[in-house]
Amino acid sequence: MTAHTAPAFKASDYKSDIKPVWCPGCGDYHVLLSVTRALAELGRRPEDVACISGIGCSSRIPAYVNCYGFHGVHGRSLPIGTGLKVARPDLTVLVAGGDGDGFSIGGNHFQHACRRNIDITYIVMDNRVYGMTKGQPSPTTEPDWDSALSPGGTGLSPFHPLVIALASGANFVARTFSGDPNRTTEVLVEAIKHPGFSFVQILSPCVTFRPDERGWKDVVHTAAVEETDDPARAARRIMTDDGFNIGILYRGNRAPYKLTGREATSDTDQLGEMFAI
Amino acid sequence: MSEDKATAKTSQPGPEAIESVEELLAHAYVIEVDAVERYNLLADQMEVHNNSELAALFRKLAGHEEHHAKEILERAGDKALPKLKSSDYKWGEFEAPEAAELDRAHYLMTPWHALQMALRAEKRAFAFFDQLVKTAKDDEMKKWSEEFREEEAEHVRLVEELLTRYPEPAEDWAEDPDPPVYLE
Ligand SMILES: Cc1ncc(C[n+]2csc(CCOP(=O)(O)OP(=O)(O)O)c2C)c(N)n1
Ligand code: SF4
C-alpha cells in the first residue's frame, strides 16, 4: 500500500474526541499514542476492539481510545476483560491500568489471569506510584523512595511483575518504555497477535509525584539477548536484569484457554433448575 | 549474573540505512504526520488546563505541519511510497526527529517554552536530513535530502524569528500559588 492511497486505518481513527485530563508531561500520553498506532498497524476495526480498565490515572485510557470501553472497578479490570473475551472471543480485548490497580488490589486477579492464559493483552503503565490518589507507594516502588507519605521509604521488597507473570503462566512477557513509542507500538502489535495472555509492562513516568522518573529515558536500554520461548531462561534473565531492559523477554507456546466445548446454556429456567432445592 | 548487559538505547537504525527515494519520502511524510499528532495532543492538554494562549499556538503549529505533510504527498507525485510500520522507521532515536517532546509539557508553560520545543524539533529534523545528504545512496536521494534540509533550515529561522517576540520567562514561571495537586 502506498501513502497516497489512504491506509485502511490511521492512528487518529482510534483516538476518541475526549481530551485526556492527565498532567501535561505524563508518560501515559505516549502510551495512548502507542496503543492507537498499534491498532492502526493491526488494522483492527474500532468496533472489534474493547479496552477495559480499573481505576487510576492510567485507567482512564478507555475513554481516550475510540473502541468499546469499560472503566471498571479498582483492581477488577482483568476479571471483566476475561469475562468479555470468553463471551465474545471475536473481540480483541485490551486490559489496561496502573501498577497499583494491577499489582496491589488486583494482584490476585493478575496471577489467575496469567494462569488462565486467555487470549487478551494486559498493559500496565507502571509509574511505581499511585498517581491518582496523590503519591502513595505502590508494590513496584523502590524500598528507599522517600516521600511525605512514606518518610524514609517503605523498606519493602518491590514486586516483580514480569517474573510473577511468567511463573503464573502468561504466554508473552515484555517490558517497554513509554518514551520510546515506536518500540512500544512494535511490542504491542506482537503482544496482541500472540495467542494467550500477553503481559506488557510499560514504564510510564508520573511527572507529578515521581519527577525523578523523567530520568528513565537515559537509563532504559535495548535487551541485548534475543527473545526466548524457554521460561526458565526468561525467568533468569528477568530476575537478574536491572529493571530497565526493554524488549520482548518471553514469547511462549503455552496453549491458550479454550472453552471446553460442552454446550453452554443461556436458558435461565434451565440454569435455575440446577439450583433448585 | 545477567545476560542483559546494558546496550544501546535503541536498536533502530539511523537515516543512513534509508535505501531509496520512496523510503526517504515516506519517512519525511511520517515526520510531519507525527508532528501534527503531537501538537494537537499538546493543544488538547493546554485546553484542558485552561492555558488558551498555548492551546492556540500548538493548534497553529499542528496546522503548519499538516500543510507540510500534504505538500510532501503532492511533491511525491506518482511515486509509490511504502507504508511504514513502527518497526520500519530509521530514526536512530526513540522518536521521529520532529516529535514535540510530550514529556517536557507543563500546564503553565509559556509561548517561549512552546517555541523552544518547536525549535529543538526543527533542529533535529534538520540534522536528520543533513545526515541523509551525507549518506544518500544516489543523486536523486541527495537532491531530495538537500531540499528537505533547506526547508528545515527555513523553519528553524522562522521559529527563531518568532522567538524574538517572546522574552524568556522568569525562573519561577512554574510556581503556582494554588496548585492543582499537593506536592512536597
Ligand atoms: C476499592 C478502591 N480502593 C481504593 C481506591 C482509591 N484508589 C483510586 S486509584 C488508586 C491507585 C491508583 O494507582 P495506579 O493503579 O498505580 O494508577 P495511576 O494513578 O498511578 O496511573 C487507589 C488506591 C478506589 N478507587 N477503590
Ligand atoms: S498524577 Fe502522575 S500518573 Fe497521574 S496524570 Fe499526573 S503525571 Fe500522570
# chains A, B, ... in the order shown; residues from 1 in each chain; ligands from 1

$ residues_near_ligand --ligand "ligand 2" --cutoff "12 Å" --atoms "only C-alpha atoms and all ligand atoms" --output "VMD selection string"
(chain A and resid 20 to 31 55 to 61 97 to 100 124 to 136 178 203 to 214) or (chain B and resid 45 102 to 107 180 to 183)

$ residues_around --residues "Leu24 (chain B)" --least-positions-apart "6" --cutoff "12 Å" --atoms "only C-alpha atoms" --output "VMD selection string"
chain B and resid 14 to 18 30 to 31 72 76 79 to 84 88 to 91 128 to 129 132 to 133 135 to 138 140 to 146 148

$ select_by_dssp --residues "region 32-175 of chain B" --states "helix (DSSP H, G or I)" --output "ChimeraX atom specification"
/B:32-48,52-76,86-88,102-104,111-135,139-163

$ atom_distance --atom1 "atom 23 (C, counted along the ligand's line) of ligand 1" --atom2 "CA of Leu78 (chain A)"
16.5 Å

$ interface_residues --of "chain A" --to "chain B" --cutoff "7 Å" --atoms "only C-alpha atoms" --output "ChimeraX atom specification"
/A:1-4,19-21,24-27,41,148,180-182,185-186,220-225,237,240-241

$ write_last_selection --atoms "C-alpha atoms" --output "mmCIF file, in the first residue's frame"
data_model
loop_
_atom_site.group_PDB
_atom_site.id
_atom_site.type_symbol
_atom_site.label_atom_id
_atom_site.label_comp_id
_atom_site.auth_asym_id
_atom_site.auth_seq_id
_atom_site.Cartn_x
_atom_site.Cartn_y
_atom_site.Cartn_z
ATOM 1 C CA MET A 1 0.000 0.000 0.000
ATOM 2 C CA THR A 2 1.238 3.476 -0.685
ATOM 3 C CA ALA A 3 0.990 6.606 1.376
ATOM 4 C CA HIS A 4 -1.136 8.144 -1.419
ATOM 5 C CA LYS A 19 -9.373 15.210 25.684
ATOM 6 C CA PRO A 20 -7.161 13.456 28.227
ATOM 7 C CA VAL A 21 -7.009 15.040 31.667
ATOM 8 C CA PRO A 24 0.981 17.512 30.818
ATOM 9 C CA GLY A 25 4.241 15.537 30.659
ATOM 10 C CA CYS A 26 2.678 12.289 31.955
ATOM 11 C CA GLY A 27 4.068 9.161 30.271
ATOM 12 C CA GLU A 41 -0.934 -1.218 12.231
ATOM 13 C CA ALA A 148 5.929 12.854 52.574
ATOM 14 C CA ASP A 180 10.015 5.040 23.113
ATOM 15 C CA PRO A 181 6.659 4.937 21.324
ATOM 16 C CA ASN A 182 7.971 3.191 18.215
ATOM 17 C CA THR A 185 3.986 0.102 19.308
ATOM 18 C CA GLU A 186 6.006 -2.789 17.874
ATOM 19 C CA VAL A 220 16.415 2.301 29.593
ATOM 20 C CA HIS A 221 18.251 0.136 27.084
ATOM 21 C CA THR A 222 17.540 -2.463 24.459
ATOM 22 C CA ALA A 223 17.551 -6.088 25.631
ATOM 23 C CA ALA A 224 20.895 -7.430 24.482
ATOM 24 C CA VAL A 225 19.712 -11.013 24.172
ATOM 25 C CA ARG A 237 17.053 -13.002 32.683
ATOM 26 C CA THR A 240 18.828 -10.571 37.096
ATOM 27 C CA ASP A 241 18.292 -7.598 34.814
#

$ atom_distance --atom1 "CA of Pro158 (chain A)" --atom2 "atom 16 (O, counted along the ligand's line) of ligand 1"
13.6 Å

$ atom_distance --atom1 "CA of Pro256 (chain A)" --atom2 "CA of Pro195 (chain A)"
6.3 Å

$ closest_residue --among "A:Gln111, A:Thr82, A:Asn117, A:Thr141" --to "Val163 (chain A)" --atoms "only C-alpha atoms"
A:Gln111

$ closest_residue --among "A:Gly83, A:Gly243, A:Gly72, A:Gly196" --to "Ala255 (chain A)" --atoms "only C-alpha atoms"
A:Gly196

$ select_by_dssp --residues "region 18-203 of chain A" --states "strand (DSSP E or B)" --output "JSON, numbers by chain"
{"A": [49, 50, 51, 52, 53, 65, 68, 69, 70, 71, 92, 93, 94, 95, 96, 97, 98, 121, 122, 123, 124, 125, 126, 130, 136, 147, 150, 172, 173, 174, 175, 176, 177, 198, 199, 200, 201, 202, 203]}

$ write_last_selection --atoms "C-alpha atoms" --output "short mmCIF file (atom, residue, chain, number, x, y, z; two decimals), in the first residue's frame"
data_model
loop_
_atom_site.label_atom_id
_atom_site.label_comp_id
_atom_site.auth_asym_id
_atom_site.auth_seq_id
_atom_site.Cartn_x
_atom_site.Cartn_y
_atom_site.Cartn_z
CA VAL A 49 -11.70 -3.90 19.92
CA ALA A 50 -12.53 -3.40 23.59
CA CYS A 51 -10.39 -1.60 26.15
CA ILE A 52 -11.11 -2.44 29.78
CA SER A 53 -9.59 -0.77 32.82
CA VAL A 65 -9.38 5.25 22.68
CA TYR A 68 -15.58 -0.29 23.04
CA GLY A 69 -14.51 0.60 26.55
CA PHE A 70 -15.27 -0.14 30.17
CA HIS A 71 -13.81 1.90 33.01
CA THR A 92 -9.55 -8.01 20.56
CA VAL A 93 -9.53 -7.35 24.29
CA LEU A 94 -7.01 -4.93 25.78
CA VAL A 95 -6.95 -4.61 29.55
CA ALA A 96 -5.06 -1.60 30.87
CA GLY A 97 -4.24 0.14 34.13
CA GLY A 98 -1.60 1.06 36.66
CA THR A 121 -3.36 -8.29 26.24
CA TYR A 122 -2.72 -6.71 29.60
CA ILE A 123 -0.96 -3.33 29.54
CA VAL A 124 0.32 -1.96 32.84
CA MET A 125 1.51 1.64 32.84
CA ASP A 126 3.98 1.25 35.66
CA TYR A 130 -0.37 5.70 42.99
CA GLN A 136 1.39 6.71 47.82
CA SER A 147 8.27 10.98 50.25
CA SER A 150 6.35 7.27 53.12
CA PHE A 172 4.07 -13.35 26.33
CA VAL A 173 6.05 -11.10 28.63
CA ALA A 174 7.59 -7.78 27.62
CA ARG A 175 8.83 -4.53 29.06
CA THR A 176 8.83 -1.22 27.20
CA PHE A 177 9.27 2.46 27.95
CA SER A 198 0.21 -11.23 26.87
CA PHE A 199 1.59 -9.01 29.57
CA VAL A 200 3.29 -5.73 28.66
CA GLN A 201 4.80 -3.61 31.41
CA ILE A 202 5.23 -0.07 30.12
CA LEU A 203 7.47 2.08 32.28
#
